[in-house]
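Source file: protein_35.txt. Holds: compact mmCIF, C-alpha atoms.
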# COMPACT_ATOMS: atom_id res chain seq x y z
CA MET L 456 0.00 0.00 0.00
CA GLU L 457 1.32 3.45 -0.91
CA LYS L 458 1.76 5.87 2.01
CA PHE L 459 2.98 9.47 1.99
CA ASP L 460 2.86 11.32 5.33
CA TYR L 461 3.96 14.96 5.21
CA LYS L 462 4.43 17.20 8.24
CA LYS L 463 6.11 20.61 8.53
CA SER L 464 7.82 22.28 11.48
CA ALA L 465 10.63 24.80 11.94
CA ASP L 466 10.31 25.52 8.20
CA ILE L 467 11.38 21.94 7.39
CA LEU L 468 9.16 19.54 5.48
CA ALA L 469 9.36 15.92 6.61
CA LEU L 470 8.11 12.93 4.63
CA SER L 471 7.61 9.38 5.84
CA ALA L 472 6.73 7.09 2.93
CA SER L 473 6.14 3.52 1.84
CA ILE L 474 5.74 2.70 -1.85
CA SER L 475 5.59 -0.40 -4.02
CA ASP L 476 4.01 0.39 -7.41
CA PHE L 477 4.24 4.19 -7.37
CA THR L 478 6.85 5.88 -9.56
CA TYR L 479 7.89 9.51 -9.20
CA LYS L 480 8.09 11.34 -12.51
CA LYS L 481 11.23 13.38 -13.19
CA HIS L 482 11.17 16.51 -11.03
CA SER L 483 13.37 18.68 -8.84
CA HIS L 484 13.07 20.63 -5.61
CA GLU L 485 14.09 24.16 -4.73
CA GLU L 486 15.16 22.78 -1.36
CA TYR L 487 17.89 20.34 -0.46
CA ALA L 488 16.48 16.84 0.06
CA VAL L 489 18.14 14.35 2.39
CA GLY L 490 16.71 11.00 3.40
CA VAL L 491 17.26 7.45 4.59
CA THR L 492 16.11 4.17 3.03
CA LEU L 493 14.67 2.03 5.81
CA ARG L 494 13.61 -1.07 3.88
CA GLY L 495 14.10 -2.38 0.37
CA ILE L 496 16.07 -0.84 -2.48
CA GLN L 497 15.25 2.67 -3.71
CA GLN L 498 16.22 3.44 -7.29
CA TYR L 499 16.32 6.73 -9.18
CA HIS L 500 18.05 8.38 -12.10
CA LEU L 501 20.26 11.29 -11.13
CA ASP L 502 22.48 13.26 -13.51
CA GLY L 503 22.16 10.55 -16.14
CA SER L 504 23.08 7.59 -13.96
CA LEU L 505 21.00 5.03 -12.05
CA GLN L 506 21.39 5.17 -8.27
CA SER L 507 20.40 2.44 -5.82
CA SER L 508 19.96 3.17 -2.12
CA HIS L 509 19.85 0.06 0.06
CA ARG L 510 18.82 -0.19 3.71
CA ASN L 511 20.43 2.59 5.80
CA GLY L 512 21.56 4.41 2.67
CA VAL L 513 21.56 8.20 3.12
CA MET L 514 20.32 9.92 -0.06
CA LEU L 515 21.61 13.43 -0.76
CA PHE L 516 19.95 15.63 -3.37
CA ASN L 517 21.29 19.04 -4.27
CA ARG L 518 18.73 21.76 -4.83
CA GLU L 519 17.26 21.83 -8.35
CA GLN L 520 18.78 18.41 -9.09
CA SER L 521 16.30 16.54 -11.30
CA HIS L 522 15.45 12.93 -10.46
CA ASP L 523 12.71 10.32 -10.59
CA GLY L 524 12.23 7.43 -8.14
CA SER L 525 10.73 4.02 -7.52
CA ALA L 526 11.15 0.77 -5.61
CA TYR L 527 13.50 -1.82 -7.11
CA ASP L 528 10.82 -4.52 -6.99
CA ARG L 529 7.26 -5.25 -5.86
CA SER L 530 8.35 -5.81 -2.26
CA GLY L 531 8.55 -2.02 -2.05
CA ILE L 532 10.49 0.44 0.08
CA ASP L 533 10.11 2.43 3.30
CA TYR L 534 12.02 5.69 3.61
CA VAL L 535 12.06 9.17 5.11
CA MET L 536 13.03 12.49 3.55
CA LEU L 537 13.67 16.02 4.79
CA TYR L 538 13.29 19.04 2.51
CA ILE L 539 15.38 21.96 3.77
CA ARG L 540 15.50 25.46 2.31
CA PRO L 541 18.97 26.72 1.33
CA GLU L 542 18.58 29.81 3.52
CA LEU L 543 18.47 27.63 6.65
CA PHE L 544 21.84 26.06 5.88
CA THR L 545 23.28 29.46 5.00
CA GLU L 546 22.09 30.86 8.33
CA ILE L 547 23.63 27.95 10.25
CA LEU L 548 26.84 27.38 8.31
CA GLY L 549 27.47 30.77 6.74
CA LYS L 550 28.47 29.11 3.46
CA HIS L 551 27.38 30.28 0.04
CA GLU L 552 25.97 26.92 -0.95
CA LEU L 553 26.32 23.28 0.02
CA ARG L 554 27.05 20.92 -2.83
CA PHE L 555 26.87 17.18 -2.28
CA SER L 556 29.41 15.38 -4.46
CA THR L 557 28.21 11.86 -3.58
CA PRO L 558 24.51 10.97 -4.04
CA ILE L 559 24.41 8.11 -1.51
CA VAL L 560 26.50 7.52 1.62
CA TYR L 561 26.34 4.91 4.35
CA ASP L 562 26.96 6.94 7.49
CA ALA L 563 25.22 5.66 10.63
CA LYS L 564 25.57 8.93 12.56
CA LEU L 565 24.16 11.00 9.70
CA ALA L 566 21.31 8.52 9.20
CA ARG L 567 20.40 8.64 12.91
CA CYS L 568 20.33 12.43 12.84
CA ILE L 569 18.02 12.53 9.80
CA LEU L 570 15.72 9.97 11.41
CA ALA L 571 15.66 11.87 14.70
CA LEU L 572 14.72 15.15 13.02
CA ASN L 573 12.09 13.44 10.87
CA GLN L 574 10.59 11.77 13.93
CA ALA L 575 10.57 15.06 15.88
CA ILE L 576 8.64 16.78 13.10
CA GLN L 577 6.28 13.88 12.43
CA SER L 578 5.42 13.53 16.15
CA GLY L 579 4.86 17.25 16.69
CA GLN L 580 7.80 17.94 19.00
CA GLU L 581 8.61 21.53 19.96
CA GLU L 582 10.25 23.65 17.26
CA ALA L 583 13.19 24.37 19.59
CA LEU L 584 14.15 20.68 19.48
CA CYS L 585 13.81 20.64 15.68
CA HIS L 586 16.08 23.69 15.40
CA GLU L 587 18.74 22.00 17.55
CA LEU L 588 18.58 18.78 15.53
CA LEU L 589 18.86 20.80 12.31
CA ILE L 590 22.08 22.45 13.55
CA THR L 591 23.58 19.01 14.21
CA LEU L 592 22.42 17.79 10.81
CA ALA L 593 23.85 20.83 9.03
CA ASP L 594 27.23 20.27 10.66
CA LEU L 595 27.26 16.60 9.61
CA LEU L 596 26.18 17.43 6.06
CA SER L 597 28.86 20.10 5.73
CA HIS L 598 31.47 17.35 6.10
CA THR L 599 29.77 15.36 3.33
CA ALA L 600 29.54 18.32 0.96
CA SER L 601 32.30 19.47 -1.35
CA ASP L 602 34.55 22.22 0.03
CA THR L 603 34.94 23.78 -3.40
CA ILE L 604 32.74 26.72 -4.32
CA TYR L 605 30.07 25.48 -6.69
CA ARG L 606 29.32 27.79 -9.60
CA HIS L 607 25.66 26.93 -9.89
CA GLN L 608 24.53 26.72 -13.52
CA ASN L 609 25.97 28.59 -16.43
CA ILE L 610 24.72 32.04 -17.45
CA PHE L 611 22.37 30.68 -20.12
CA VAL L 612 20.52 28.31 -17.78
CA LYS L 613 20.43 30.83 -14.94
CA LYS L 614 18.89 33.54 -17.11
CA ALA L 615 16.42 31.10 -18.73
CA LYS L 616 15.27 29.92 -15.30
CA GLU L 617 14.86 33.50 -14.08
CA MET L 618 12.65 34.24 -17.09
CA MET L 619 10.50 31.18 -16.38
CA PHE L 620 10.29 32.02 -12.67
CA SER L 621 8.88 35.43 -13.56
CA SER L 622 5.95 33.97 -15.51
CA LEU L 623 4.73 31.04 -13.46
CA GLU L 624 1.13 32.19 -13.76
CA HIS L 625 1.26 31.81 -17.55
CA VAL L 626 1.87 29.02 -20.02
CA LEU L 627 5.45 28.51 -21.13
CA LYS L 628 6.25 30.79 -24.09
CA LEU L 629 9.06 29.07 -25.94
CA ASP L 630 9.04 31.64 -28.74
CA ASP L 631 9.89 34.45 -26.32
CA LEU L 632 12.52 32.41 -24.49
CA SER L 633 14.30 31.17 -27.59
CA ALA L 634 14.25 34.65 -29.15
CA GLU L 635 15.94 36.06 -26.06
CA PHE L 636 18.90 33.76 -26.70
CA ASN L 637 18.79 34.03 -30.49
CA MET L 638 17.97 30.34 -30.83
CA SER L 639 15.25 28.34 -32.50
CA LYS L 640 12.76 26.69 -30.15
CA TYR L 641 14.37 23.32 -30.77
CA GLN L 642 17.87 24.62 -30.13
CA PHE L 643 16.70 26.19 -26.89
CA ILE L 644 15.05 22.97 -25.68
CA ARG L 645 18.13 20.90 -26.51
CA GLU L 646 20.57 23.34 -24.89
CA PHE L 647 18.49 23.79 -21.74
CA LYS L 648 18.06 20.05 -21.23
CA ALA L 649 21.75 19.41 -21.89
CA HIS L 650 22.73 21.84 -19.12
CA ALA L 651 19.84 21.47 -16.66
CA GLY L 652 19.03 17.77 -17.05
CA ILE L 653 15.34 18.55 -17.54
CA THR L 654 13.34 20.10 -20.38
CA PRO L 655 12.11 23.72 -20.18
CA TYR L 656 8.50 22.49 -20.01
CA GLN L 657 9.32 20.07 -17.19
CA PHE L 658 11.21 22.77 -15.30
CA HIS L 659 8.44 25.38 -15.73
CA LEU L 660 5.72 22.93 -14.68
CA ASN L 661 7.81 21.75 -11.74
CA CYS L 662 8.23 25.36 -10.58
CA LYS L 663 4.49 25.96 -10.83
CA VAL L 664 3.83 22.88 -8.68
CA GLU L 665 6.53 23.85 -6.16
CA HIS L 666 5.17 27.37 -5.76
CA ALA L 667 1.60 26.08 -5.54
CA LYS L 668 2.82 23.85 -2.70
CA GLN L 669 4.40 26.84 -0.95
CA SER L 670 1.18 28.81 -1.40
CA ILE L 671 -0.85 25.98 0.14
CA GLU L 672 1.55 25.84 3.10
CA ALA L 673 1.30 29.58 3.67
CA ASN L 674 -2.38 30.21 3.00
CA ARG L 675 -4.18 26.84 3.23
CA ASP L 676 -6.16 27.97 0.17
CA ILE L 677 -5.92 25.36 -2.57
CA TYR L 678 -8.07 27.24 -5.07
CA ALA L 679 -5.89 30.34 -4.76
CA ALA L 680 -2.90 28.15 -5.64
CA VAL L 681 -4.76 26.87 -8.72
CA ALA L 682 -5.55 30.39 -9.90
CA ASP L 683 -2.27 32.07 -8.97
CA PHE L 684 -0.07 29.59 -10.80
CA GLY L 685 -2.04 29.07 -13.98
CA PHE L 686 -3.54 25.62 -13.52
CA VAL L 687 -6.72 24.92 -15.46
CA ASP L 688 -8.52 23.58 -12.41
CA LEU L 689 -7.90 21.60 -9.20
CA THR L 690 -7.78 18.32 -11.11
CA HIS L 691 -4.95 19.72 -13.24
CA LEU L 692 -2.94 20.75 -10.17
CA ASN L 693 -3.69 17.49 -8.34
CA ARG L 694 -2.47 15.37 -11.26
CA HIS L 695 0.90 17.08 -11.53
CA PHE L 696 1.28 17.45 -7.76
CA LYS L 697 0.87 13.70 -7.27
CA ARG L 698 3.56 12.90 -9.83
CA ALA L 699 6.10 14.84 -7.76
CA PHE L 700 4.90 14.28 -4.19
CA GLY L 701 2.93 11.03 -4.23
CA ILE L 702 -0.31 12.63 -3.05
CA THR L 703 -2.66 15.26 -4.47
CA ALA L 704 -2.45 18.93 -3.56
CA TYR L 705 -5.76 18.57 -1.71
CA GLU L 706 -4.45 15.62 0.35
CA TYR L 707 -1.30 17.60 1.10
CA MET L 708 -3.32 20.54 2.41
CA ILE L 709 -5.34 18.21 4.66
CA GLN L 710 -2.16 16.64 6.09
CA LEU L 711 -0.73 20.03 7.03
CA HIS L 712 -3.79 21.04 9.07

In structure tokens, how does this file's structure come out?
Amino acid sequence: MEKFDYKKSADILALSASISDFTYKKHSHEEYAVGVTLRGIQQYHLDGSLQSSHRNGVMLFNREQSHDGSAYDRSGIDYVMLYIRPELFTEILGKHELRFSTPIVYDAKLARCILALNQAIQSGQEEALCHELLITLADLLSHTASDTIYRHQNIFVKKAKEMMFSSLEHVLKLDDLSAEFNMSKYQFIREFKAHAGITPYQFHLNCKVEHAKQSIEANRDIYAAVADFGFVDLTHLNRHFKRAFGITAYEYMIQLH
């Protein structure tokens, strides 16, 4: 049976999940995502290669790193994830940006810390405890991350993303985007995917879903999220939301109450 339990505290989103047949479509998150596989083998494509996280594997996703995900076989998987905004790590560590160079590590201390923070959020512990656990987690993750300064994206991808961010309430206008870079539509799509690992349409739609999620968290108004980010109706938002988060936008809103 598929299970996706989301809770949020101290500005951290925690997920406890069990899946067997469900498959995440390719997507990315504006936050860092770190998690632990508790049972089974979790597989996903990341930067063009297939990754397999076995029991106690700690999964490390950089922000805006596109991936999919599924269980290796019908026996399924149990796992937890934490989604952490970059600003929180910057506030704690004072670094420009963390950059994980290894997608999966087997580190018992790091796994225990992720599980402790997930459990604190899921069980409704005080935010003060969550903040303290996050500091410990940030320190552990900083040792896993690369010490080199990561130059995030080239100028082309950065500017293209900024243009798409500024028009999330509209449909994607490839003609305008490609003209800005003096490319044909097909050249633009190929170049963007080559650098970003995801097509412009996938990126734009993913951003719309992410910002709809943030709107639901802030306002608890699902229909405002539909209208503000250009979805045809609630069914349209629910369909794309489920592909990225395992549950519909409506179910997500109910869980956060």

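The space between CA of His650 (chain L) and CA of Lys668 (chain L) spans 25.9 Å.
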
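The residue that comes closest to Lys648 (chain L), out of L:Val612, L:Ala679, L:Leu629, L:Ala667 and on the basis of all atoms listed in the file, is L:Val612.
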
Residue with smallest distance to Ala526 (chain L) - pool L:Met514, L:Ala615, L:Ile496, L:Leu632, counting only C-alpha atoms | L:Ile496

Ser508 (chain L) environment, 12 Å, all atoms listed in the file, sequence neighbours closer than 4 positions dropped, as a list of chain:residue names = L:Gly490, L:Val491, L:Thr492, L:Leu493, L:Arg494, L:Gly495, L:Ile496, L:Gln497, L:Gln498, L:Tyr499, L:His500, L:Gly512, L:Val513, L:Met514, L:Leu515, L:Gly524, L:Ser525, L:Ala526, L:Tyr527, L:Ile532, L:Asp533, L:Tyr534, L:Pro558, L:Ile559, L:Val560, L:Tyr561

Write out as a ChimeraX atom specification which residues come within 8 Å of Leu692 (chain L) when counting only C-alpha atoms, dropping same-chain ones fewer than 3 positions away.
-> /L:664,681,686-689,695-696,703-704

Taking the point (25.5, 18.0, 3.4) as given in the file, collect each protein or nucleic acid residue that comes within 7 Å of it, counting all atoms listed in the file, and present the set as a PyMOL selection string.
-> chain L and resi 553+555+593+595-600
